[in-house]
Amino acid sequence: MSVYQANSLQELEQFSQRTDQLAVLPRDVPENADAFFEKLITTPFGVNAKVHKSTALDDIAKTLAPVLPGEVMADPFYLFWLDDMAAICKTFCVIENSPSIGFWLGTERGCRRFHVDYVPHRLLVTYAGEGTEWLPDDGADRTAFANGAPNEKIVKNPKSLKHMNVWDIAVFRGGAGGLLHRTPDSALNAPSLLLRLDSVSFWERVTLREQSLAG
């Protein structure tokens, strides 16, 4: 399989025009990030919202304000992080060719089995903890996956397993030929922090389903 390595957010915007299964924008972890996120993930949380390209920063700030402690939001790194997420959301709007996208941010992840997402594209950034584990096609038994087999059968070659690095931005395709991936064991058993962006239509379907279950 081919992996498109982008060198900037602008290059990442080109992913929808390419045929690669996965695009990655490698990034260095900023100074003070580890200390900030260690403090942030002490209290579990999860939020989802519709974020608009034109008001991304305000949308994210309003979503997080009711759930994050004041001491976290008073940290100077908080504004840097908000700007980072807003820029990423704007980039994903370009990839989706949409004025808005679905935004989810949380400390609890639970996708234990290798799977593909039935969305056109999905964007992930792990801000704290171990990044998403993914499996190239040449190391996978896609038939076993399609038949509902466990991970032990899906992984044909354990040496081919890969992890997305913390702070790297990953965009991948979903659907029948989408990228096989899962939450790593370390993130299943301990807090981490993951940003997930999806098409707004997917976000609306999930939100409506959650509202109907709650009602």
# chains A, B, ... in the order shown; residues from 1 in each chain; ligands from 1
call {"tool": "residues_around", "arguments": {"residues": "region 163-167 of chain A", "least_positions_apart": "3", "cutoff": "12 Å", "atoms": "only C-alpha atoms", "output": "ChimeraX atom specification"}}
result
/A:22-30,33-34,37,81,84-85,88,123-136,159-160,170-172,180-187,192-195
call {"tool": "residues_around", "arguments": {"residues": "Gly102 (chain A)", "least_positions_apart": "2", "cutoff": "9 Å", "atoms": "only C-alpha atoms", "output": "JSON, numbers by chain"}}
result
{"A": [48, 49, 50, 51, 52, 89, 100, 104, 196, 197, 198, 199, 200, 201, 202, 203, 204]}
call {"tool": "write_last_selection", "arguments": {"atoms": "N, CA and C atoms", "output": "PDB file, in the first residue's frame"}}
result
ATOM      1  N   ASN A  48     -18.165  16.086  21.569  1.00  0.00           N
ATOM      2  CA  ASN A  48     -18.316  16.079  20.118  1.00  0.00           C
ATOM      3  C   ASN A  48     -19.109  17.311  19.703  1.00  0.00           C
ATOM      4  N   ALA A  49     -18.829  17.796  18.519  1.00  0.00           N
ATOM      5  CA  ALA A  49     -19.463  19.024  18.055  1.00  0.00           C
ATOM      6  C   ALA A  49     -19.334  19.125  16.548  1.00  0.00           C
ATOM      7  N   LYS A  50     -20.145  19.991  15.965  1.00  0.00           N
ATOM      8  CA  LYS A  50     -19.959  20.378  14.572  1.00  0.00           C
ATOM      9  C   LYS A  50     -19.064  21.610  14.567  1.00  0.00           C
ATOM     10  N   VAL A  51     -17.986  21.544  13.809  1.00  0.00           N
ATOM     11  CA  VAL A  51     -17.043  22.657  13.732  1.00  0.00           C
ATOM     12  C   VAL A  51     -17.072  23.222  12.320  1.00  0.00           C
ATOM     13  N   HIS A  52     -17.233  24.527  12.226  1.00  0.00           N
ATOM     14  CA  HIS A  52     -17.293  25.210  10.935  1.00  0.00           C
ATOM     15  C   HIS A  52     -15.925  25.777  10.568  1.00  0.00           C
ATOM     16  N   CYS A  89      -8.811  21.346  11.772  1.00  0.00           N
ATOM     17  CA  CYS A  89     -10.213  21.276  11.349  1.00  0.00           C
ATOM     18  C   CYS A  89     -10.419  21.978  10.005  1.00  0.00           C
ATOM     19  N   SER A 100     -18.124  22.524   7.034  1.00  0.00           N
ATOM     20  CA  SER A 100     -18.082  22.080   8.423  1.00  0.00           C
ATOM     21  C   SER A 100     -17.753  20.597   8.481  1.00  0.00           C
ATOM     22  N   TRP A 104     -14.606  15.189  17.360  1.00  0.00           N
ATOM     23  CA  TRP A 104     -14.672  14.431  18.619  1.00  0.00           C
ATOM     24  C   TRP A 104     -13.297  14.478  19.280  1.00  0.00           C
ATOM     25  N   ARG A 196     -10.506  13.183  16.743  1.00  0.00           N
ATOM     26  CA  ARG A 196     -11.033  12.463  15.581  1.00  0.00           C
ATOM     27  C   ARG A 196     -11.965  13.396  14.811  1.00  0.00           C
ATOM     28  N   LEU A 197     -11.711  13.500  13.522  1.00  0.00           N
ATOM     29  CA  LEU A 197     -12.550  14.324  12.657  1.00  0.00           C
ATOM     30  C   LEU A 197     -13.192  13.459  11.585  1.00  0.00           C
ATOM     31  N   ASP A 198     -14.468  13.722  11.317  1.00  0.00           N
ATOM     32  CA  ASP A 198     -15.228  12.965  10.332  1.00  0.00           C
ATOM     33  C   ASP A 198     -16.055  13.920   9.484  1.00  0.00           C
ATOM     34  N   SER A 199     -16.662  13.378   8.438  1.00  0.00           N
ATOM     35  CA  SER A 199     -17.584  14.182   7.632  1.00  0.00           C
ATOM     36  C   SER A 199     -18.752  14.618   8.508  1.00  0.00           C
ATOM     37  N   VAL A 200     -19.329  15.753   8.185  1.00  0.00           N
ATOM     38  CA  VAL A 200     -20.426  16.254   8.999  1.00  0.00           C
ATOM     39  C   VAL A 200     -21.647  15.332   8.901  1.00  0.00           C
ATOM     40  N   SER A 201     -21.841  14.655   7.770  1.00  0.00           N
ATOM     41  CA  SER A 201     -22.979  13.737   7.635  1.00  0.00           C
ATOM     42  C   SER A 201     -22.841  12.560   8.590  1.00  0.00           C
ATOM     43  N   PHE A 202     -21.613  12.033   8.737  1.00  0.00           N
ATOM     44  CA  PHE A 202     -21.390  10.953   9.697  1.00  0.00           C
ATOM     45  C   PHE A 202     -21.663  11.462  11.110  1.00  0.00           C
ATOM     46  N   TRP A 203     -21.151  12.631  11.438  1.00  0.00           N
ATOM     47  CA  TRP A 203     -21.349  13.205  12.769  1.00  0.00           C
ATOM     48  C   TRP A 203     -22.835  13.378  13.068  1.00  0.00           C
ATOM     49  N   GLU A 204     -23.593  13.848  12.096  1.00  0.00           N
ATOM     50  CA  GLU A 204     -25.024  14.051  12.313  1.00  0.00           C
ATOM     51  C   GLU A 204     -25.740  12.732  12.549  1.00  0.00           C
TER      52      GLU A 204
END
call {"tool": "select_by_dssp", "arguments": {"residues": "chain A", "states": "strand (DSSP E or B)", "output": "ChimeraX atom specification"}}
result
/A:3-5,22-25,46-52,100-106,115,121-128,133-135,140,155,162-163,169-173,180-182,193-199
call {"tool": "atom_distance", "arguments": {"atom1": "CA of Asp117 (chain A)", "atom2": "CA of Ala86 (chain A)"}}
result
23.2 Å
call {"tool": "select_by_dssp", "arguments": {"residues": "region 65-133 of chain A", "states": "alpha helix (DSSP H)", "output": "PyMOL selection string"}}
result
chain A and resi 70-74+76-96
call {"tool": "write_last_selection", "arguments": {"atoms": "C-alpha atoms", "output": "mmCIF file, in the first residue's frame"}}
result
data_model
loop_
_atom_site.group_PDB
_atom_site.id
_atom_site.type_symbol
_atom_site.label_atom_id
_atom_site.label_comp_id
_atom_site.auth_asym_id
_atom_site.auth_seq_id
_atom_site.Cartn_x
_atom_site.Cartn_y
_atom_site.Cartn_z
ATOM 1 C CA GLY A 70 -10.149 26.347 34.800
ATOM 2 C CA GLU A 71 -6.505 25.664 35.600
ATOM 3 C CA VAL A 72 -6.138 23.806 32.288
ATOM 4 C CA MET A 73 -7.670 26.639 30.282
ATOM 5 C CA ALA A 74 -5.480 29.172 32.126
ATOM 6 C CA PRO A 76 -0.575 29.365 28.206
ATOM 7 C CA PHE A 77 -0.265 26.132 26.194
ATOM 8 C CA TYR A 78 -4.054 25.859 26.000
ATOM 9 C CA LEU A 79 -4.362 28.631 23.407
ATOM 10 C CA PHE A 80 -1.563 27.102 21.350
ATOM 11 C CA TRP A 81 -3.435 23.791 21.373
ATOM 12 C CA LEU A 82 -6.746 25.424 20.394
ATOM 13 C CA ASP A 83 -5.034 27.079 17.437
ATOM 14 C CA ASP A 84 -3.556 23.736 16.419
ATOM 15 C CA MET A 85 -6.912 21.955 16.465
ATOM 16 C CA ALA A 86 -8.603 24.819 14.611
ATOM 17 C CA ALA A 87 -6.003 24.706 11.839
ATOM 18 C CA ILE A 88 -6.424 20.935 11.528
ATOM 19 C CA CYS A 89 -10.213 21.276 11.349
ATOM 20 C CA LYS A 90 -9.904 23.831 8.550
ATOM 21 C CA THR A 91 -7.607 21.471 6.666
ATOM 22 C CA PHE A 92 -10.099 18.621 7.006
ATOM 23 C CA CYS A 93 -12.880 20.888 5.727
ATOM 24 C CA VAL A 94 -10.806 21.315 2.562
ATOM 25 C CA ILE A 95 -10.256 17.548 2.282
ATOM 26 C CA GLU A 96 -13.991 16.965 2.714
#
